Each structure stands twice: as structure tokens, then as C-alpha cells.
$ cat final.cif   # mmCIF, C-alpha atoms
data_query
loop_
_atom_site.label_atom_id
_atom_site.label_comp_id
_atom_site.auth_asym_id
_atom_site.auth_seq_id
_atom_site.Cartn_x
_atom_site.Cartn_y
_atom_site.Cartn_z
CA MET A 1 121.07 140.84 143.80
CA ILE A 2 120.46 143.08 140.80
CA ALA A 3 122.65 142.12 137.89
CA ILE A 4 124.04 144.84 135.64
CA GLY A 5 121.97 144.92 132.49
CA ALA A 6 118.85 143.67 134.27
CA ALA A 7 115.84 145.72 135.30
CA VAL A 8 114.33 145.79 138.75
CA ALA A 9 110.70 144.78 138.46
CA VAL A 10 108.74 146.20 141.39
CA VAL A 11 105.76 143.95 142.04
CA ALA A 12 103.91 145.35 145.07
CA ALA A 13 100.73 147.24 144.23
CA ALA A 14 100.67 149.84 146.98
CA VAL A 15 103.95 149.48 148.84
CA VAL A 16 107.10 148.32 147.11
CA THR A 17 108.33 145.25 148.91
CA GLY A 18 110.14 143.03 146.41
CA VAL A 19 111.80 142.74 143.04
CA VAL A 20 111.85 140.37 140.11
CA VAL A 21 114.65 140.38 137.57
CA LEU A 22 113.82 140.67 133.87
CA LYS A 23 116.51 140.33 131.26
CA ASP A 24 117.59 143.58 129.62
CA ASP A 25 120.39 143.34 127.12
CA ASP A 26 121.11 147.08 127.00
CA GLU A 27 124.77 147.87 127.41
CA GLN A 28 126.16 148.20 130.91
CA PRO A 29 125.70 151.71 132.31
CA ALA A 30 128.51 153.51 134.06
CA ALA A 31 128.93 154.40 137.68
CA LYS A 32 127.52 157.68 138.96
CA GLY A 33 127.87 161.06 137.43
CA GLY A 34 127.52 163.20 134.38
CA ASP A 35 124.02 162.77 133.10
CA PRO A 36 121.00 164.76 134.32
CA LYS A 37 118.35 163.09 136.48
CA PRO A 38 114.67 163.93 136.94
CA ALA A 39 113.39 165.51 140.14
CA SER A 40 113.47 162.63 142.56
CA SER A 41 113.99 161.67 146.15
CA ALA A 42 116.08 158.77 144.88
CA PRO A 43 119.83 158.97 145.42
CA ALA A 44 120.33 157.51 141.97
CA SER A 45 121.87 159.24 138.98
CA PRO A 46 121.21 158.37 135.35
CA SER A 47 124.55 157.40 133.85
CA PRO A 48 125.77 157.54 130.27
CA ASN A 49 127.48 154.44 128.98
CA PRO A 50 131.17 155.23 128.55
CA SER A 51 131.65 152.27 126.24
CA GLN A 52 129.32 153.80 123.68
CA GLY A 53 130.21 156.91 121.74
CA GLN A 54 128.25 160.14 121.57
CA SER A 55 129.36 161.14 118.09
CA GLY A 56 127.08 163.11 115.81
CA ALA A 57 124.53 165.77 116.60
CA PRO A 58 121.97 164.32 119.04
CA ASP A 59 119.04 166.15 117.43
CA ASP A 60 119.83 164.65 114.02
CA ASN A 61 119.51 161.06 115.27
CA PRO A 62 121.13 159.54 112.17
CA ARG A 63 120.31 155.94 111.31
CA ASP A 64 122.59 154.31 108.77
CA GLY A 65 123.26 157.76 107.34
CA GLU A 66 119.61 158.54 106.71
CA ALA A 67 117.66 161.04 108.80
CA VAL A 68 114.33 159.78 110.16
CA LYS A 69 111.72 162.52 109.91
CA PRO A 70 109.16 163.36 112.64
CA VAL A 71 105.52 162.56 111.99
CA ILE A 72 104.32 165.51 114.12
CA ASP A 73 105.05 168.89 112.56
CA GLY A 74 107.49 170.99 114.54
CA TRP A 75 108.55 168.16 116.85
CA LYS A 76 111.88 166.28 117.12
CA VAL A 77 112.35 162.61 116.31
CA VAL A 78 114.02 160.10 118.65
CA VAL A 79 115.40 156.94 117.06
CA ASN A 80 116.39 153.64 118.66
CA GLY A 81 118.01 151.39 116.07
CA LYS A 82 118.61 148.64 118.64
CA ARG A 83 114.94 148.45 119.64
CA HIS A 84 113.69 149.25 116.12
CA ASN A 85 111.42 152.15 117.00
CA ALA A 86 111.10 155.91 116.69
CA PHE A 87 108.92 158.50 118.41
CA ASP A 88 108.54 162.27 118.43
CA VAL A 89 108.90 164.78 121.27
CA PRO A 90 108.07 168.51 121.45
CA ALA A 91 110.63 171.00 120.21
CA ASP A 92 111.63 172.07 123.75
CA TRP A 93 112.87 168.57 124.66
CA THR A 94 116.56 167.61 124.55
CA VAL A 95 117.19 164.60 122.30
CA ARG A 96 120.24 162.59 123.30
CA SER A 97 122.59 160.65 121.10
CA PRO A 98 120.94 157.42 119.89
CA THR A 99 123.99 155.48 121.09
CA MET A 100 123.71 156.69 124.70
CA SER A 101 122.26 154.50 127.47
CA THR A 102 121.00 156.06 130.69
CA GLY A 103 119.25 154.87 133.83
CA PHE A 104 118.96 155.11 137.60
CA GLU A 105 121.16 153.63 140.30
CA GLY A 106 120.23 152.45 143.76
CA GLU A 107 121.89 153.43 147.00
CA ASP A 108 124.49 150.72 146.41
CA GLY A 109 125.56 152.36 143.15
CA LYS A 110 124.27 149.49 141.01
CA PRO A 111 121.88 150.21 138.13
CA LEU A 112 118.20 149.64 138.77
CA VAL A 113 116.88 150.55 135.33
CA THR A 114 118.41 151.48 131.97
CA MET A 115 117.14 152.67 128.60
CA SER A 116 118.54 153.91 125.32
CA GLY A 117 117.33 156.09 122.43
CA ASN A 118 116.04 158.71 124.85
CA ALA A 119 115.09 162.37 125.28
CA VAL A 120 114.49 164.57 128.33
CA TYR A 121 112.16 167.45 129.23
CA LYS A 122 113.21 170.68 130.99
CA ASP A 123 116.82 169.63 131.22
CA GLY A 124 118.55 171.50 134.07
CA GLU A 125 115.50 173.57 135.01
CA CYS A 126 115.42 172.69 138.70
CA ALA A 127 119.09 171.88 139.16
CA LYS A 128 122.15 171.42 136.98
CA ASN A 129 121.99 167.64 137.00
CA ASP A 130 118.23 167.29 136.80
CA HIS A 131 115.35 167.01 134.33
CA ARG A 132 111.58 166.87 134.70
CA ALA A 133 110.72 163.95 132.42
CA GLY A 134 112.35 161.45 130.11
CA ALA A 135 111.46 158.79 127.56
CA GLY A 136 113.28 155.91 125.85
CA THR A 137 113.24 152.17 125.23
CA LYS A 138 114.70 149.04 126.84
CA GLY A 139 114.69 145.29 126.25
CA ALA A 140 111.95 143.07 127.65
CA GLN A 141 113.21 139.57 126.88
CA GLY A 142 112.16 137.13 129.59
CA ALA A 143 108.83 138.82 130.29
CA LYS A 144 105.83 136.52 130.73
CA SER A 145 103.75 138.65 128.39
CA GLU A 146 103.56 142.12 126.85
CA GLY A 147 100.96 143.14 129.42
CA SER A 148 102.98 141.87 132.37
CA ALA A 149 106.12 143.65 131.18
CA ALA A 150 104.26 146.96 130.73
CA GLU A 151 102.83 146.77 134.26
CA ILE A 152 106.16 145.83 135.82
CA GLU A 153 108.20 148.47 134.00
CA SER A 154 105.83 151.38 134.65
CA LEU A 155 106.05 150.72 138.39
CA ASN A 156 109.74 149.93 138.10
CA TRP A 157 110.57 153.34 136.61
CA VAL A 158 108.34 155.42 138.87
CA PHE A 159 110.01 153.74 141.84
CA ALA A 160 113.56 154.17 140.54
CA ALA A 161 113.09 157.77 139.39
CA PHE A 162 111.01 159.26 142.17
CA ASP A 163 110.77 157.30 145.42
CA GLN A 164 113.38 154.66 146.17
CA LYS A 165 112.88 155.46 149.87
CA LYS A 166 109.24 154.28 149.54
CA THR A 167 107.90 157.34 151.33
CA GLY A 168 104.81 157.72 149.11
CA ARG A 169 101.90 155.66 147.82
CA PHE A 170 102.36 153.59 144.66
CA ASP A 171 99.43 152.85 142.36
CA THR A 172 99.32 150.99 139.06
CA THR A 173 96.88 150.29 136.24
CA LYS A 174 96.17 146.97 134.57
CA ALA A 175 97.71 146.62 131.13
CA LYS A 176 95.44 147.14 128.15
CA PRO A 177 95.93 146.74 124.39
CA PHE A 178 97.76 149.59 122.69
CA LYS A 179 97.97 150.71 119.09
CA SER A 180 99.79 153.88 118.05
CA ASP A 181 98.78 156.03 115.10
CA HIS A 182 101.83 154.80 113.19
CA GLY A 183 102.02 151.03 113.45
CA ILE A 184 103.22 149.92 116.91
CA THR A 185 100.91 147.49 118.68
CA GLY A 186 101.30 145.95 122.10
CA TYR A 187 100.14 146.60 125.67
CA THR A 188 100.36 149.69 127.84
CA ALA A 189 100.21 150.34 131.58
CA SER A 190 100.95 153.24 133.92
CA ALA A 191 102.00 153.84 137.50
CA THR A 192 102.06 156.78 139.89
CA VAL A 193 103.62 157.66 143.21
CA THR A 194 102.04 160.35 145.40
CA GLY A 195 102.88 161.78 148.80
CA VAL A 196 106.63 161.50 148.28
CA LYS A 197 108.59 163.07 151.14
CA LYS A 198 109.92 166.37 149.79
CA THR A 199 113.52 166.76 150.92
CA ASP A 200 114.40 169.58 148.50
CA LYS A 201 112.80 171.74 145.80
CA CYS A 202 113.54 169.22 143.06
CA VAL A 203 111.80 166.27 144.73
CA THR A 204 108.35 165.56 143.28
CA ASP A 205 105.68 162.92 142.97
CA GLY A 206 105.83 161.07 139.67
CA LYS A 207 104.14 159.03 136.97
CA ALA A 208 105.35 156.57 134.36
CA PHE A 209 103.84 155.06 131.22
CA ALA A 210 105.07 151.90 129.50
CA VAL A 211 104.33 150.28 126.13
CA THR A 212 105.61 146.74 125.52
CA TYR A 213 105.65 145.54 121.95
CA LYS A 214 107.30 143.01 119.64
CA ASP A 215 109.88 144.76 117.48
CA THR A 216 110.64 144.07 113.81
CA SER A 217 113.16 141.38 114.84
CA GLY A 218 110.55 139.56 116.91
CA ASP A 219 112.04 140.58 120.27
CA LEU A 220 110.05 142.13 123.10
CA ALA A 221 110.92 145.72 123.98
CA THR A 222 109.40 148.31 126.33
CA TRP A 223 109.12 152.04 125.70
CA ILE A 224 108.91 154.14 128.88
CA LEU A 225 108.06 157.74 129.67
CA TYR A 226 108.49 158.99 133.26
CA ALA A 227 107.58 162.48 134.49
CA GLY A 228 107.45 164.47 137.70
CA THR A 229 104.06 165.72 138.90
CA GLY A 230 102.64 168.37 141.20
CA PHE A 231 104.56 171.46 140.06
CA ASP A 232 104.04 174.32 137.61
CA GLY A 233 104.99 173.25 134.12
CA GLU A 234 104.68 169.50 134.66
CA LEU A 235 104.30 167.45 131.48
CA PRO A 236 100.56 167.26 130.68
CA ASP A 237 98.90 163.90 130.04
CA ASP A 238 97.63 165.20 126.68
CA THR A 239 101.22 165.75 125.57
CA ILE A 240 102.21 162.31 126.80
CA LYS A 241 99.39 160.73 124.79
CA LYS A 242 100.52 162.64 121.70
CA ILE A 243 104.11 161.43 122.17
CA MET A 244 102.84 157.85 122.56
CA SER A 245 100.74 158.21 119.43
CA SER A 246 103.89 158.86 117.40
CA LEU A 247 105.55 155.54 118.32
CA ARG A 248 106.39 153.64 115.14
CA PRO A 249 108.50 150.67 114.03
CA LEU A 250 111.82 150.87 112.20
CA GLN A 251 112.84 148.06 109.91
CA SER A 252 116.04 146.20 110.78
CA SER A 253 119.01 147.55 108.83
#

$ encode --input "final.cif" --output "C-alpha cells"
Amino acid sequence: MIAIGAAVAVVAAAVVTGVVVLKDDDEQPAAKGGDPKPASSAPASPSPNPSQGQSGAPDDNPRDGEAVKPVIDGWKVVVNGKRHNAFDVPADWTVRSPTMSTGFEGEDGKPLVTMSGNAVYKDGECAKNDHRAGAGTKGAQGAKSEGSAAEIESLNWVFAAFDQKKTGRFDTTKAKPFKSDHGITGYTASATVTGVKKTDKCVTDGKAFAVTYKDTSGDLATWILYAGTGFDGELPDDTIKKIMSSLRPLQSS
């Protein structure tokens, strides 16, 4: 029902009841194991793509041999050559190899969502294979519009990362125009899940933010940030807005 390389688009406003498939041409993620996941009641595990290498220092994020510099002093830069964007994250984030794809699986072991060019927050703080937030970019070809894709993907990721059992309440915002401080324009939307059934100390409520834009090749892409909520040290909204403000285009090589 959910093809590998496609994203689950959750369309119910308050209770998740159905899915719509959007095309995502990210590489096929692996089966379970290996890569940290955020605090979540979901049985899914983000999975690195074994067909893509992890060569080079992740924090350097090389692009055609040239380092892309952060636009926020003291922060780290995250580059996605495939989706033609870059963004900055605080110094305490872990930046992954730009060639790595990660995502979340459902109970059947099939991928629900995938992204590439990503970084994670508080890696391993709650548990060895766990992180508190993550951000990256995925394809959005086949979406009806930038606004529709942003709405779908924000709910999609909050569902996949935090409450696949549908134990909490899902809420979404309507998409609105977005313009970063550094040249990316599109539409943004957000989603939250609250009241998630807490089965262990790492399970939390969650939120997700999405920005859908047209990249320098003319293709639609969606940047996503998901984060756990309701615990000491959760990622503040002010920091999320600052990360979003750093989104910028990269020219095709």
C-alpha cells in the first residue's frame, strides 16, 4: 500500500484515518536498525541507506569539493545537493553525511517517510538509538501545490515520528507564504500531536514544521523539522524559527 520511496500523506485533521501517496524520489531506505530515532511511541526506526556512502566528515558537508559556510555565526551548515538547499543548525546538533537518507518505518517494516541532508538534536540523550529532533529535505513531486504539500508533510512527519498508534490528538495549521532571510520562498505549515500515550521515558508529544519550495532545478521539495515536546530541554520555537530563517538555495552543480 505504501511504495518504497513514497511518503505517507496523513490527511485527517484531528484523527489520522487515511493516507495519500505523494511521489518522493529519495533513494530507498534500508530495513530497520542502526540510525537513531526521536522520542516516539512509533515502532519505527529511521534507517540509513546502505546503497549510499557515508564518506567524508559529516560536519564538513562538502559539495563538489567546496565547503558551504553557515550564515549564522557559530552554527553548523547542512547541505542537500540533491534538493539544492542549505540551512544552519546550532553547534550542539549532529550533522549527518549529506549522502545519507533516513526516515521512519511502520509496523510492517516499510518506510513511511524519508529525508536526506539532515541533522539531529540531542542524539542519544534519552536512549542509545534516539534523538529529540531532526531536520532535512525530501522530494515533493506530484503535490497539488506548495501549500498542500507543506500541510500534508507536517502532519505526515508528526504522525510517523511520534504517534503511529494514534493515541493522541493531531492538529494542523493552514499553509501560509514563506520567505527565508536568504532566498527560499514557498509555503509553510505545521502540525502537532498532544496527549500521546507514554509507554516509556522516551515517548513524547511532538511537533513538525514543513516548508515546500521550488528548487533551482524547478522541482518541488519539502524541508521538514520535527521535534519532541513536553520535556526539559525541548527545542524552543524561537530556535526553530531561526533555523528556518537560514534556509537558502544552492545552484545546481

$ residues_around --input "final.cif" --residues "region 228-237 of chain A" --least-positions-apart "6" --cutoff "9 Å" --atoms "only C-alpha atoms" --output "list of chain:residue names"
A:Pro38, A:Ala39, A:Ser40, A:Tyr121, A:His131, A:Arg132, A:Ala133, A:Ala161, A:Phe162, A:Thr194, A:Val203, A:Thr204, A:Asp205, A:Gly206, A:Lys207, A:Ala208

$ closest_atom_pairs --input "final.cif" --of "region 123-230 of chain A" --to "region 91-106 of chain A" --cutoff "8 Å" --atoms "only C-alpha atoms" --output "tab-separated table"
residue	atom	partner	partner_atom	distance
A:Asp123	CA	A:Thr94	CA	7.0
A:Ala160	CA	A:Phe104	CA	6.2
A:Ala161	CA	A:Phe104	CA	6.7
A:Gln164	CA	A:Gly106	CA	7.6

$ write_last_selection --input "final.cif" --atoms "C-alpha atoms" --output "PDB file, in the frame of the given file"
ATOM      1  CA  ASP A 123     116.820 169.630 131.220  1.00  0.00           C
ATOM      2  CA  ALA A 160     113.560 154.170 140.540  1.00  0.00           C
ATOM      3  CA  ALA A 161     113.090 157.770 139.390  1.00  0.00           C
ATOM      4  CA  GLN A 164     113.380 154.660 146.170  1.00  0.00           C
TER       5      GLN A 164
END

$ atom_distance --input "final.cif" --atom1 "CA of Phe178 (chain A)" --atom2 "CA of Ser245 (chain A)"
9.7 Å

$ resolve_selection --input "final.cif" --expression "the PyMOL selection byres ((chain A and resi 242-244) around 8)" --output "PyMOL selection string"
chain A and resi 87-89+180+238-241+245-247

$ resolve_selection --input "final.cif" --expression "the PyMOL selection byres ((chain A and resi 167) around 6)" --output "list in words"
Lys165, Lys166, Gly168, Val196 and Lys197 of chain A

$ residues_near_point --input "final.cif" --point "(108.9, 146.3, 120.6)" --cutoff "12 Å" --atoms "all atoms listed in the file" --output "ChimeraX atom specification"
/A:80-86,136-141,146,149-150,178-179,183-188,210-224,247-251

$ residues_around --input "final.cif" --residues "Pro90 (chain A)" --least-positions-apart "5" --cutoff "8 Å" --atoms "all atoms listed in the file" --output "NGL selection string"
:A and (74-76)

$ resolve_selection --input "final.cif" --expression "the PyMOL selection byres ((chain A and resi 154) around 6)" --output "PyMOL selection string"
chain A and resi 151-153+155-157+190-191+208-210

$ atom_distance --input "final.cif" --atom1 "CA of Asp130 (chain A)" --atom2 "CA of Val158 (chain A)"
15.6 Å

$ atom_distance --input "final.cif" --atom1 "CA of Ala119 (chain A)" --atom2 "CA of Ala135 (chain A)"
5.6 Å

$ residues_near_point --input "final.cif" --point "(116.4, 159.0, 116.6)" --cutoff "7 Å" --atoms "only C-alpha atoms" --output "VMD selection string"
chain A and resid 61 to 62 68 77 to 80 86 98 117

$ write_last_selection --input "final.cif" --atoms "C-alpha atoms" --output "compact mmCIF listing (two decimals), in the frame of the given file"
# COMPACT_ATOMS: atom_id res chain seq x y z
CA ASN A 61 119.51 161.06 115.27
CA PRO A 62 121.13 159.54 112.17
CA VAL A 68 114.33 159.78 110.16
CA VAL A 77 112.35 162.61 116.31
CA VAL A 78 114.02 160.10 118.65
CA VAL A 79 115.40 156.94 117.06
CA ASN A 80 116.39 153.64 118.66
CA ALA A 86 111.10 155.91 116.69
CA PRO A 98 120.94 157.42 119.89
CA GLY A 117 117.33 156.09 122.43
